[in-house]
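Data file: target-v8.cif. Format and content: mmCIF, C-alpha atoms.
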data_final
#
loop_
_atom_site.label_atom_id
_atom_site.label_comp_id
_atom_site.auth_asym_id
_atom_site.auth_seq_id
_atom_site.Cartn_x
_atom_site.Cartn_y
_atom_site.Cartn_z
CA MET A 121 43.25 18.72 -0.05
CA ARG A 122 42.69 22.41 0.56
CA ASN A 123 41.98 22.99 -3.11
CA LEU A 124 39.54 20.16 -3.08
CA TRP A 125 37.79 21.71 -0.09
CA ILE A 126 37.61 25.08 -1.85
CA PHE A 127 36.26 23.38 -4.95
CA ILE A 128 33.57 21.61 -2.98
CA SER A 129 32.53 24.68 -1.03
CA LYS A 130 32.41 26.76 -4.18
CA TYR A 131 30.04 24.36 -5.88
CA ASN A 132 28.34 23.31 -2.67
CA ALA A 133 24.90 23.68 -4.21
CA PHE A 134 25.69 21.02 -6.76
CA PHE A 135 27.10 18.56 -4.25
CA LEU A 136 24.23 19.10 -1.87
CA PHE A 137 21.90 18.57 -4.79
CA LEU A 138 23.59 15.26 -5.61
CA ILE A 139 23.38 14.04 -2.02
CA PHE A 140 19.72 14.87 -1.53
CA GLU A 141 18.67 13.74 -4.99
CA VAL A 142 20.33 10.37 -4.54
CA ALA A 143 18.72 10.01 -1.11
CA ALA A 144 15.28 10.80 -2.54
CA LEU A 145 15.71 8.44 -5.47
CA ILE A 146 16.88 5.63 -3.20
CA ILE A 147 13.77 6.08 -1.09
CA TYR A 148 11.68 6.21 -4.24
CA VAL A 149 13.05 3.05 -5.83
CA LYS A 150 13.13 1.15 -2.58
CA TYR A 151 9.59 1.83 -1.39
CA ASN A 152 7.62 1.84 -4.62
CA SER A 153 7.17 -1.65 -5.94
CA PHE A 154 6.46 -0.72 -9.55
CA GLN A 155 9.65 1.28 -9.97
CA LYS A 156 11.55 -1.39 -8.10
CA ALA A 157 10.34 -4.06 -10.48
CA THR A 158 11.14 -1.99 -13.54
CA PHE A 159 14.55 -1.09 -12.20
CA ILE A 160 15.46 -4.66 -11.38
CA ASN A 161 14.13 -5.98 -14.65
CA SER A 162 16.14 -3.56 -16.72
CA ALA A 163 19.18 -4.56 -14.75
CA ASN A 164 18.42 -8.19 -15.48
CA GLU A 165 18.15 -7.66 -19.20
CA VAL A 166 21.81 -6.80 -19.24
CA THR A 167 22.98 -9.67 -17.09
CA GLY A 168 20.22 -12.16 -17.85
CA ALA A 169 21.75 -13.58 -21.03
CA TRP A 170 25.02 -14.25 -19.28
CA TYR A 171 23.32 -15.98 -16.37
CA THR A 172 21.33 -18.32 -18.61
CA ARG A 173 24.54 -19.44 -20.30
CA THR A 174 26.42 -20.13 -17.10
CA ASN A 175 23.38 -21.70 -15.54
CA GLU A 176 23.08 -24.32 -18.28
CA PHE A 177 26.63 -25.38 -17.56
CA TYR A 178 26.19 -25.51 -13.80
CA THR A 179 23.00 -27.57 -13.97
CA TYR A 180 24.88 -30.21 -15.92
CA LEU A 181 27.60 -30.35 -13.28
CA SER A 182 25.17 -30.70 -10.41
CA LEU A 183 23.04 -33.50 -11.86
CA LYS A 184 24.09 -35.94 -9.15
CA ASP A 185 22.98 -33.64 -6.35
CA VAL A 186 19.74 -32.97 -8.14
CA ASN A 187 19.09 -36.71 -8.45
CA ASP A 188 19.68 -37.17 -4.74
CA SER A 189 17.40 -34.33 -3.77
CA LEU A 190 14.70 -35.61 -6.13
CA ALA A 191 14.86 -39.03 -4.49
CA HIS A 192 14.51 -37.37 -1.10
CA GLU A 193 11.62 -35.33 -2.34
CA ASN A 194 9.92 -38.47 -3.66
CA ALA A 195 10.22 -40.04 -0.24
CA ARG A 196 8.84 -36.94 1.41
CA LEU A 197 5.94 -36.73 -1.01
CA ARG A 198 5.11 -40.38 -0.43
CA ASN A 199 4.89 -39.60 3.28
CA GLN A 200 2.59 -36.71 2.62
CA LEU A 201 0.43 -38.86 0.43
CA LYS A 202 -0.06 -41.28 3.29
CA SER A 203 -1.03 -38.54 5.67
CA SER A 204 -3.42 -37.09 3.16
CA LEU A 205 -5.09 -40.44 2.75
CA TYR A 206 -5.33 -40.63 6.50
CA VAL A 207 -7.04 -37.25 6.72
CA ASP A 208 -9.32 -38.30 3.92
CA THR A 209 -10.59 -41.36 5.75
CA ILE A 210 -11.17 -39.36 8.90
CA ASN A 211 -13.19 -36.81 7.02
CA LYS A 212 -15.44 -39.29 5.28
CA HIS A 213 -16.84 -39.71 8.74
CA LYS A 214 -19.94 -37.59 9.07
CA VAL A 215 -20.36 -35.24 12.01
CA THR A 216 -23.85 -34.98 13.36
CA ASP A 217 -24.48 -31.84 15.31
CA THR A 218 -27.40 -32.73 17.52
CA VAL A 219 -28.15 -29.20 18.66
CA TYR A 220 -28.83 -27.79 15.22
CA LYS A 221 -29.64 -31.10 13.54
CA GLN A 222 -27.15 -30.32 10.83
CA GLN A 223 -24.90 -32.69 9.05
CA TYR A 224 -21.47 -31.68 7.87
CA GLU A 225 -19.24 -33.54 5.49
CA TYR A 226 -15.63 -32.63 4.89
CA ILE A 227 -13.81 -32.88 1.59
CA VAL A 228 -10.04 -32.71 1.90
CA ALA A 229 -8.15 -30.75 -0.76
CA LYS A 230 -4.62 -29.67 -1.47
CA VAL A 231 -3.75 -25.98 -1.81
CA ILE A 232 -2.13 -25.43 -5.20
CA ASN A 233 -2.08 -21.65 -5.37
CA ASN A 234 -2.10 -19.16 -2.55
CA SER A 235 -1.42 -15.52 -1.83
CA THR A 236 -1.36 -13.50 1.38
CA ASN A 237 0.16 -10.17 0.39
CA ARG A 238 -2.57 -8.57 -1.72
CA SER A 239 -5.55 -6.66 -0.52
CA ASN A 240 -7.81 -9.41 -1.90
CA ASN A 241 -6.38 -12.89 -1.51
CA TYR A 242 -7.59 -16.09 -3.13
CA ILE A 243 -6.61 -19.72 -2.68
CA THR A 244 -6.89 -22.37 -5.38
CA ILE A 245 -7.43 -26.02 -4.42
CA ASN A 246 -7.30 -29.20 -6.46
CA LYS A 247 -10.87 -30.42 -5.91
CA GLY A 248 -13.89 -29.23 -7.85
CA SER A 249 -17.51 -29.92 -8.62
CA LYS A 250 -16.72 -33.55 -9.59
CA GLN A 251 -15.70 -34.14 -5.99
CA GLY A 252 -18.82 -32.48 -4.68
CA ILE A 253 -17.65 -28.97 -4.02
CA ALA A 254 -20.14 -26.20 -4.70
CA LYS A 255 -20.06 -22.44 -4.61
CA GLY A 256 -20.62 -20.93 -1.16
CA MET A 257 -19.21 -23.78 0.91
CA GLY A 258 -17.01 -22.92 3.87
CA VAL A 259 -13.37 -23.95 4.00
CA ILE A 260 -11.36 -24.79 7.12
CA SER A 261 -7.95 -26.20 7.85
CA ASN A 262 -6.84 -28.15 10.89
CA GLN A 263 -5.90 -24.84 12.54
CA GLY A 264 -9.10 -22.89 11.92
CA ILE A 265 -11.30 -21.30 9.30
CA VAL A 266 -9.84 -20.36 5.93
CA GLY A 267 -12.56 -18.86 3.76
CA LYS A 268 -15.37 -19.78 1.42
CA VAL A 269 -15.62 -21.22 -2.07
CA VAL A 270 -16.43 -18.59 -4.67
CA PHE A 271 -15.72 -20.34 -7.97
CA VAL A 272 -15.85 -24.00 -8.96
CA SER A 273 -14.72 -25.81 -12.09
CA ASP A 274 -14.71 -29.56 -12.69
CA HIS A 275 -11.46 -30.26 -10.88
CA PHE A 276 -10.48 -27.00 -9.19
CA SER A 277 -12.04 -24.43 -6.91
CA VAL A 278 -11.13 -20.89 -5.93
CA ILE A 279 -11.51 -19.90 -2.30
CA GLN A 280 -11.99 -16.34 -1.19
CA SER A 281 -9.68 -16.38 1.78
CA LEU A 282 -10.42 -14.65 5.07
CA LEU A 283 -7.67 -12.28 3.98
CA HIS A 284 -10.06 -10.52 1.62
CA LYS A 285 -11.70 -7.14 1.95
CA ASP A 286 -15.17 -8.61 1.44
CA SER A 287 -14.83 -11.64 3.71
CA GLN A 288 -17.06 -11.64 6.78
CA PHE A 289 -17.84 -14.63 8.95
CA SER A 290 -20.09 -14.95 11.94
CA ALA A 291 -18.05 -15.59 15.08
CA MET A 292 -18.34 -15.64 18.84
CA LEU A 293 -16.25 -15.48 21.95
CA ALA A 294 -15.68 -19.06 23.09
CA LYS A 295 -16.42 -18.51 26.80
CA ASN A 296 -19.52 -16.35 26.99
CA LYS A 297 -20.91 -17.01 23.47
CA GLU A 298 -21.20 -13.34 22.55
CA ILE A 299 -21.84 -13.09 18.82
CA GLY A 300 -19.97 -10.81 16.43
CA TYR A 301 -18.42 -11.11 13.03
CA VAL A 302 -14.85 -11.55 11.92
CA GLU A 303 -13.13 -9.81 9.06
CA TRP A 304 -9.58 -9.11 7.96
CA GLY A 305 -7.68 -6.38 9.80
CA ASP A 306 -7.26 -3.05 8.06
CA ASP A 307 -3.46 -3.04 7.76
CA MET A 308 -3.09 -6.08 5.47
CA ASP A 309 -1.28 -8.16 8.08
CA PRO A 310 -1.95 -11.85 7.27
CA HIS A 311 -1.89 -12.74 10.97
CA LYS A 312 -4.42 -10.18 12.17
CA GLY A 313 -8.18 -10.07 12.02
CA LEU A 314 -10.92 -7.96 13.54
CA LEU A 315 -13.85 -9.15 15.61
CA LYS A 316 -16.59 -6.59 15.28
CA ASP A 317 -20.03 -5.78 16.64
CA VAL A 318 -19.75 -7.75 19.87
CA SER A 319 -22.36 -6.70 22.38
CA ASN A 320 -21.28 -4.26 25.06
CA ASN A 321 -22.13 -6.76 27.81
CA ALA A 322 -19.28 -9.03 26.85
CA VAL A 323 -16.13 -8.73 28.91
CA PRO A 324 -13.48 -10.10 26.57
CA LYS A 325 -10.05 -10.95 27.92
CA LEU A 326 -6.73 -10.94 26.13
CA GLY A 327 -5.95 -14.38 24.77
CA GLU A 328 -9.55 -15.56 24.77
CA GLN A 329 -10.51 -17.95 22.00
CA VAL A 330 -12.71 -16.72 19.16
CA VAL A 331 -14.62 -19.48 17.36
CA THR A 332 -17.26 -19.82 14.68
CA SER A 333 -20.82 -19.33 15.83
CA GLY A 334 -22.54 -21.98 13.76
CA TYR A 335 -24.78 -19.41 12.12
CA SER A 336 -22.89 -19.39 8.84
CA LEU A 337 -21.14 -21.91 6.65
CA PHE A 338 -19.20 -23.59 9.42
CA PRO A 339 -20.05 -25.91 12.28
CA GLU A 340 -20.01 -24.31 15.71
CA GLY A 341 -16.74 -24.03 17.58
CA ILE A 342 -14.13 -24.04 14.81
CA PRO A 343 -11.28 -21.83 16.05
CA ILE A 344 -10.66 -18.51 14.32
CA GLY A 345 -8.08 -16.90 16.55
CA LYS A 346 -7.35 -15.38 19.91
CA VAL A 347 -8.12 -11.89 21.15
CA SER A 348 -4.84 -9.99 20.90
CA ASN A 349 -5.80 -6.38 21.41
CA LEU A 350 -8.87 -4.84 22.98
CA ARG A 351 -9.57 -1.59 21.29
CA THR A 352 -11.20 0.10 24.21
CA ARG A 353 -13.46 2.79 22.95
CA THR A 354 -16.14 4.47 24.98
CA GLY A 355 -19.58 5.48 23.87
CA GLY A 356 -20.10 2.86 21.15
CA TYR A 357 -22.95 0.43 20.92
CA SER A 358 -20.63 -2.48 20.32
CA LEU A 359 -17.09 -3.66 20.91
CA ASN A 360 -14.43 -4.19 18.28
CA MET A 361 -11.23 -6.07 19.00
CA GLU A 362 -8.19 -7.34 17.18
CA ILE A 363 -7.57 -11.05 17.02
CA ALA A 364 -4.49 -13.06 16.12
CA LEU A 365 -5.65 -15.47 13.43
CA ALA A 366 -5.21 -19.17 14.19
CA VAL A 367 -4.40 -20.14 10.61
CA ASP A 368 -1.00 -19.36 9.18
CA PHE A 369 -2.21 -18.56 5.67
CA SER A 370 1.23 -18.40 4.14
CA ARG A 371 1.92 -22.04 5.04
CA LEU A 372 -1.42 -23.52 4.13
CA GLN A 373 -1.04 -27.03 2.62
CA PHE A 374 -4.28 -28.95 3.06
CA VAL A 375 -7.76 -27.61 3.64
CA ASP A 376 -11.14 -29.20 4.30
CA VAL A 377 -14.18 -27.98 2.45
CA VAL A 378 -17.27 -28.07 4.64
CA ASP A 379 -20.34 -29.45 2.93
CA ASN A 380 -23.39 -28.48 4.92
CA LYS A 381 -25.96 -31.04 3.82
CA PHE A 382 -28.88 -28.98 5.00
CA ALA A 383 -27.68 -25.61 3.66
CA ASN A 384 -30.09 -25.69 0.73
CA GLU A 385 -33.01 -26.62 2.89
CA GLN A 386 -32.18 -23.93 5.41
CA SER A 387 -31.79 -21.19 2.83
CA ALA A 388 -35.00 -22.29 1.11
CA VAL A 389 -36.92 -22.04 4.36
CA GLU A 390 -35.38 -18.68 5.15
CA ALA A 391 -36.22 -17.41 1.69
CA GLN A 392 -39.82 -18.51 2.15
CA GLN A 393 -40.03 -16.69 5.44
CA LYS A 394 -38.69 -13.56 3.81
CA LYS A 395 -41.25 -13.87 1.06
CA ASN A 396 -44.06 -14.14 3.57
CA GLU A 397 -43.11 -10.97 5.35
CA MET B 195 14.53 37.28 11.09
CA SER B 196 12.02 35.71 13.46
CA ARG B 197 9.23 37.40 11.56
CA SER B 198 10.29 35.79 8.30
CA ILE B 199 10.52 32.39 10.02
CA ILE B 200 6.97 32.74 11.30
CA ILE B 201 5.68 33.92 7.93
CA ASN B 202 7.35 31.03 6.13
CA LEU B 203 6.09 28.55 8.67
CA LEU B 204 2.54 29.82 8.26
CA ARG B 205 2.90 29.74 4.50
CA PHE B 206 4.21 26.16 4.69
CA VAL B 207 1.30 24.93 6.79
CA LEU B 208 -1.23 26.77 4.65
CA LEU B 209 0.18 25.47 1.37
CA ILE B 210 0.41 21.87 2.57
CA PHE B 211 -3.13 22.16 3.84
CA ILE B 212 -4.41 23.52 0.52
CA GLN B 213 -2.47 20.91 -1.43
CA VAL B 214 -3.61 17.94 0.61
CA CYS B 215 -7.18 18.91 1.41
CA LEU B 216 -8.17 20.74 -1.72
CA LEU B 217 -5.93 20.24 -4.73
CA LYS B 218 -5.42 16.51 -4.18
CA ASN B 219 -9.05 16.06 -5.19
CA ILE B 220 -8.79 18.24 -8.28
CA ASN B 221 -8.02 16.13 -11.31
CA VAL B 222 -9.40 17.55 -14.55
CA TYR B 223 -9.91 14.71 -17.04
CA ASN B 224 -7.06 12.87 -15.34
CA LEU B 225 -4.72 15.40 -16.94
CA THR B 226 -4.10 18.37 -14.71
CA THR B 227 -3.10 18.13 -11.09
CA PRO B 228 -1.75 21.41 -9.73
CA TYR B 229 1.08 21.18 -7.22
CA ILE B 230 0.91 24.59 -5.60
CA TYR B 231 2.90 23.50 -2.54
CA ILE B 232 6.19 24.21 -4.38
CA LEU B 233 5.37 27.89 -3.90
CA PHE B 234 6.78 27.47 -0.40
CA ILE B 235 10.21 26.61 -1.78
CA LEU B 236 9.92 29.35 -4.40
CA LEU B 237 9.18 32.03 -1.83
CA LEU B 238 11.90 31.26 0.72
CA PRO B 239 14.07 34.34 1.36
CA PHE B 240 17.05 34.97 -0.92
CA GLU B 241 19.48 34.61 1.93
CA THR B 242 18.46 31.07 2.88
CA PRO B 243 21.67 29.03 3.05
CA ASN B 244 21.90 26.29 0.44
CA ILE B 245 22.00 23.45 2.93
CA LEU B 246 18.86 24.71 4.69
CA LEU B 247 17.15 25.14 1.34
CA PHE B 248 17.86 21.56 0.36
CA VAL B 249 16.80 20.19 3.73
CA LEU B 250 13.55 22.15 3.60
CA ALA B 251 12.88 21.07 0.02
CA PHE B 252 13.60 17.45 0.85
CA PHE B 253 11.31 17.34 3.85
CA THR B 254 8.54 19.31 2.15
CA GLY B 255 8.65 16.69 -0.57
CA LEU B 256 8.59 13.86 1.94
CA ILE B 257 5.60 15.34 3.76
CA ILE B 258 3.68 15.64 0.50
CA ASP B 259 4.79 12.09 -0.33
CA SER B 260 3.38 10.81 2.90
CA PHE B 261 0.00 12.19 1.91
CA TYR B 262 0.22 10.93 -1.66
CA ASP B 263 1.64 7.51 -0.70
CA THR B 264 4.62 7.83 -3.03
CA PRO B 265 7.70 7.92 -0.78
CA GLY B 266 10.59 9.73 -2.44
CA LEU B 267 8.80 10.97 -5.57
CA HIS B 268 8.00 14.51 -4.50
CA ALA B 269 11.17 14.67 -2.44
CA ALA B 270 13.28 14.01 -5.53
CA ALA B 271 11.37 16.58 -7.57
CA CYS B 272 11.63 19.18 -4.79
CA VAL B 273 15.38 18.71 -4.42
CA LEU B 274 15.75 19.31 -8.16
CA LEU B 275 13.53 22.34 -7.78
CA ALA B 276 15.79 23.73 -5.04
CA PHE B 277 18.84 23.25 -7.24
CA VAL B 278 17.25 24.99 -10.21
CA ARG B 279 16.16 27.80 -7.88
CA ILE B 280 19.75 28.36 -6.75
CA LEU B 281 20.97 28.45 -10.35
CA PHE B 282 18.19 30.75 -11.53
CA ILE B 283 18.70 33.22 -8.69
CA SER B 284 22.46 33.26 -9.06
CA ILE B 285 22.05 34.08 -12.77
CA THR B 286 19.32 36.73 -12.58
CA VAL B 287 19.62 38.44 -9.19
CA GLN B 288 22.40 40.48 -7.65
CA LYS B 289 22.61 39.14 -4.16
CA ASP B 290 24.16 42.06 -2.31
CA GLY B 291 21.71 44.77 -3.23
CA PHE B 292 19.04 43.97 -0.66
CA ASP B 293 18.31 44.99 2.86
CA ASN B 294 15.89 43.55 5.43
CA GLU B 295 15.81 40.03 3.92
CA PRO B 296 13.59 40.33 0.89
CA GLU B 297 11.82 37.37 -0.59
CA PRO B 298 11.30 36.53 -4.25
CA THR B 299 7.63 37.52 -4.19
CA LEU B 300 5.59 39.10 -6.93
CA SER B 301 5.23 42.41 -5.12
CA ILE B 302 8.96 42.80 -4.50
CA MET B 303 10.43 41.50 -7.74
CA GLY B 304 7.85 42.69 -10.23
CA PHE B 305 5.61 40.72 -12.55
CA ARG B 306 8.06 39.94 -15.35
CA TRP B 307 10.77 38.47 -13.17
CA PHE B 308 8.39 36.54 -10.98
CA PHE B 309 6.52 35.07 -13.93
CA THR B 310 9.74 33.82 -15.56
CA TYR B 311 10.96 32.52 -12.23
CA ALA B 312 7.76 30.66 -11.40
CA LEU B 313 7.35 29.31 -14.92
CA THR B 314 10.91 27.99 -15.22
CA LEU B 315 10.96 26.35 -11.84
CA THR B 316 7.49 24.86 -12.22
CA LEU B 317 8.39 23.42 -15.61
CA PHE B 318 11.49 21.75 -14.20
CA HIS B 319 9.68 20.41 -11.18
CA HIS B 320 6.66 19.10 -13.06
CA PHE B 321 8.66 17.59 -15.89
CA PHE B 322 10.81 15.64 -13.47
CA LEU B 323 7.86 14.70 -11.28
CA PHE B 324 5.59 13.35 -14.00
CA ASN B 325 8.32 11.46 -15.78
CA LEU B 326 9.58 9.92 -12.56
CA GLU B 327 6.05 8.94 -11.69
CA ALA B 328 5.40 7.31 -15.06
CA PHE B 329 8.91 5.80 -15.08
CA SER B 330 8.66 4.76 -18.71
CA LEU B 331 8.84 6.36 -22.13
CA SER B 332 6.03 4.28 -23.57
CA GLU B 333 3.32 6.80 -22.73
CA PHE B 334 5.47 9.82 -23.23
CA GLN B 335 2.81 11.85 -25.03
CA TYR B 336 0.33 11.39 -22.25
CA THR B 337 2.95 12.26 -19.65
CA LEU B 338 3.94 15.32 -21.65
CA SER B 339 0.40 16.62 -21.93
CA ARG B 340 -0.16 16.03 -18.22
CA PHE B 341 3.05 17.89 -17.47
CA LEU B 342 2.25 20.90 -19.65
CA LEU B 343 -1.36 21.32 -18.55
CA SER B 344 -0.49 20.87 -14.90
CA SER B 345 2.31 23.42 -15.19
CA VAL B 346 -0.04 25.96 -16.67
CA PHE B 347 -2.53 25.34 -13.89
CA THR B 348 0.13 25.58 -11.17
CA VAL B 349 1.65 28.81 -12.50
CA PHE B 350 -1.82 30.27 -12.85
CA LEU B 351 -2.55 29.51 -9.19
CA MET B 352 0.83 30.95 -8.17
CA LEU B 353 0.17 34.23 -9.97
CA ILE B 354 -3.28 34.45 -8.42
CA SER B 355 -1.87 33.92 -4.94
CA GLY B 356 0.88 36.46 -5.69
CA LEU B 357 -1.68 39.06 -6.71
CA LEU B 358 -3.81 38.17 -3.72
CA PHE B 359 -1.02 39.07 -1.32
CA PHE B 360 0.25 41.98 -3.41
CA ARG B 361 1.71 44.85 -1.44
CA ARG B 362 2.63 47.99 -3.34
CA LYS B 363 5.92 49.85 -3.13
CA GLU B 364 7.89 47.31 -1.17
CA ARG B 365 10.89 47.64 -3.41
CA LYS B 366 13.08 50.46 -2.18
#

I need this file expressed as structure tokens, please.
Amino acid sequence: MRNLWIFISKYNAFFLFLIFEVAALIIYVKYNSFQKATFINSANEVTGAWYTRTNEFYTYLSLKDVNDSLAHENARLRNQLKSSLYVDTINKHKVTDTVYKQQYEYIVAKVINNSTNRSNNYITINKGSKQGIAKGMGVISNQGIVGKVVFVSDHFSVIQSLLHKDSQFSAMLAKNKEIGYVEWGDDMDPHKGLLKDVSNNAVPKLGEQVVTSGYSLFPEGIPIGKVSNLRTRTGGYSLNMEIALAVDFSRLQFVDVVDNKFANEQSAVEAQQKKNE
Amino acid sequence: MSRSIIINLLRFVLLIFIQVCLLKNINVYNLTTPYIYILFILLLPFETPNILLFVLAFFTGLIIDSFYDTPGLHAAACVLLAFVRILFISITVQKDGFDNEPEPTLSIMGFRWFFTYALTLTLFHHFFLFNLEAFSLSEFQYTLSRFLLSSVFTVFLMLISGLLFFRRKERK
């Protein structure tokens, strides 16, 4: 034991080096996703072949369980189908907004691809131009606004989600109708958004509803989130605040695409006015 | 003792500042990025205990990492640097022959020794750093050229700073 101690203290530089180097490398591999992926993949190459072999055998043994679970899944899917049909019939109903004389139609769609963890997130849905979806339409879910359509094919569309660096939607505080715009928060948290450029006269309270203003793609009053943090800052012309988003983007299943029947007419008129100026 | 702590602290702050505010933006043809901050570890006094040396190297690396958003990368390279420093000094320098805590600076140790010292340690540090950053052998040539050019640049900056703070006749 004593000899060991002498040995260690004699070569202490080397042992200290080992300890710190291992600590640094652990931090490095753990917190850098690229190295992590490479590291794990190279580990899998060694063990992967073995796992595929054993896996084939196990799948054969568990066929009965798989059958059962598939039957259950069929039942569950049939239930979902019913509910989707139900939503569909509701949304064929046209909403007439008497204040703005606008007509909105909703097209229900299923989310088939989704991401929330990138700095620019997109959602793919299973309805496209054949079902009447066009570029630039707004998208909502039953919880609140989701994003807008940026790309349409015959049967699919890609939605630029609110969780996107370029997404901005007109919004207002539900109580006193102060207008601002909503965008994604700056720390890539899928539950957080920012409400910006609200007039200084507004006195927002924590927990107050933030809804769409009706000036953009959406009808008025669709929920966006609740005020979760007032960033009090003095001397600015406008208020910014954090909001907790109403939609849980990671669990999005069905969305409704908002078809504003008068969008073309409105933009044409606005373009004409701009031309006249 | 306290004087050398203050000097090293100032040097640390200054080097981190230069590295983060100035050299982080220098990137010639995507090839050379000088990492002058390792000069802090190079210039610690000879009598720094090993454990303190490693701790300082580790945390210097982590601080740089926090600015470069690569947790662990610079820390790993700096710990290797500290180890190579210990080996190099134990081979080339007689430890007992010094009074009033000298440091391995250009003005004390002379040009030849300091140049070899800086070059060796920089090569080790940069080689490890760039290869760990690339983490693959597929672009080895590119990594190698980055490593060599950056090393030249770093050593060049080190010599300039050594000459800038040159004080004659310190060696007794």

As a check of understanding, name the residues that the PyMOL selection byres ((chain A) within 10 of (chain B)) selects in the supplied structure, as a PyMOL selection string. chain A and resi 132-152+154-155+158-159

The PyMOL selection byres ((chain A and resi 226) around 7) on the file shown: which residues, as an NGL selection string? :A and (211-212 or 224-225 or 227-228 or 376-379)

Carefully work through the PyMOL selection byres ((chain A and resi 277) around 7) for this structure and note down the residues it includes, as number ranges by chain. A: 244-248, 269, 271-273, 276, 278-279

Neighbours of Pro343 in chain A within 12 Å (all atoms listed in the file; same-chain residues fewer than 2 positions away dropped), as a PyMOL selection string? chain A and resi 260-266+290-294+302+328-334+338-341+345-347+363-367

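Note that CA of Asn194 in chain A and CA of Lys250 in chain A are 27.7 Å apart.
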
Nearest to Phe305 in chain B among B:Leu216, B:Leu246, B:Leu353, B:Leu238, with distances taken over all atoms listed in the file: which residue is it?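 Looking only at the distances to Phe305 in chain B, the closest residue turns out to be B:Leu353.
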
Which value, in Å to one decimal, gives the distance between CA of Asn237 in chain A and CA of Gly313 in chain A? 14.3 Å

Suppose you want the space between CA of Gln251 in chain A and CA of Ser336 in chain A; what is it in Å?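 Calculated distance between CA of Gln251 in chain A and CA of Ser336 in chain A is 22.1 Å.
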
Distance query Gln373 in chain A at most 9 Å, only C-alpha atoms, self and fewer than 6 positions along chain excluded, as a count of residues only: 5

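Within the 10 Å cut-off around range 195-211 of chain B, using all atoms listed in the file and omitting residues fewer than 5 positions from it on the same chain, the listed residues are B:Leu216, B:Leu217, B:Tyr229, B:Ile230, B:Tyr231, B:Ile232, B:Leu233, B:Phe234, B:Ile235, B:Leu237, B:Leu238, B:Pro239, B:Thr254, B:Ile257, B:Ile258, B:Phe261, B:Asn294, B:Glu295, B:Pro296, B:Glu297.
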
For the residues in the current selection, export C-alpha atoms as a PDB file, keeping the file's coordinate frame.
ATOM      1  CA  LEU B 216      -8.170  20.740  -1.720  1.00  0.00           C
ATOM      2  CA  LEU B 217      -5.930  20.240  -4.730  1.00  0.00           C
ATOM      3  CA  TYR B 229       1.080  21.180  -7.220  1.00  0.00           C
ATOM      4  CA  ILE B 230       0.910  24.590  -5.600  1.00  0.00           C
ATOM      5  CA  TYR B 231       2.900  23.500  -2.540  1.00  0.00           C
ATOM      6  CA  ILE B 232       6.190  24.210  -4.380  1.00  0.00           C
ATOM      7  CA  LEU B 233       5.370  27.890  -3.900  1.00  0.00           C
ATOM      8  CA  PHE B 234       6.780  27.470  -0.400  1.00  0.00           C
ATOM      9  CA  ILE B 235      10.210  26.610  -1.780  1.00  0.00           C
ATOM     10  CA  LEU B 237       9.180  32.030  -1.830  1.00  0.00           C
ATOM     11  CA  LEU B 238      11.900  31.260   0.720  1.00  0.00           C
ATOM     12  CA  PRO B 239      14.070  34.340   1.360  1.00  0.00           C
ATOM     13  CA  THR B 254       8.540  19.310   2.150  1.00  0.00           C
ATOM     14  CA  ILE B 257       5.600  15.340   3.760  1.00  0.00           C
ATOM     15  CA  ILE B 258       3.680  15.640   0.500  1.00  0.00           C
ATOM     16  CA  PHE B 261       0.000  12.190   1.910  1.00  0.00           C
ATOM     17  CA  ASN B 294      15.890  43.550   5.430  1.00  0.00           C
ATOM     18  CA  GLU B 295      15.810  40.030   3.920  1.00  0.00           C
ATOM     19  CA  PRO B 296      13.590  40.330   0.890  1.00  0.00           C
ATOM     20  CA  GLU B 297      11.820  37.370  -0.590  1.00  0.00           C
TER      21      GLU B 297
END

Just want the 8 Å neighbourhood of Gly267 in chain A, counted on all atoms listed in the file, with same-chain residues fewer than 6 positions away dropped. Output as a compact mmCIF listing (two decimals) with C-alpha atoms, in the coordinates of the input.
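This went into around-v9.txt:
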# COMPACT_ATOMS: atom_id res chain seq x y z
CA GLY A 258 -17.01 -22.92 3.87
CA VAL A 259 -13.37 -23.95 4.00
CA ILE A 260 -11.36 -24.79 7.12
CA ILE A 279 -11.51 -19.90 -2.30
CA GLN A 280 -11.99 -16.34 -1.19
CA SER A 281 -9.68 -16.38 1.78
CA LEU A 282 -10.42 -14.65 5.07
CA SER A 287 -14.83 -11.64 3.71

Using only C-alpha atoms, find the one residue out of B:Gln288, B:Thr226, B:Asn221, B:Leu351 that sits nearest to Tyr336 in chain B. B:Thr226

Of the residues B:Val214, B:Met303, B:Glu241, B:Phe308, which is the one nearest to Tyr262 in chain B, using only C-alpha atoms?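 For Tyr262 in chain B, the nearest of the candidates is B:Val214.
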
At most 8 Å from (4.8, 25.9, -11.3), file frame, only C-alpha atoms: which residues, as an MDAnalysis selection string? chainID B and resid 229:230 232:233 312:317 319:320 345:349 352

Minimum-distance residue to Ile283 in chain B, chosen among B:Tyr223, B:Phe240, B:Phe359, B:Phe318 (using all atoms listed in the file):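 Using all atoms listed in the file, the shortest distance to Ile283 in chain B belongs to B:Phe240.
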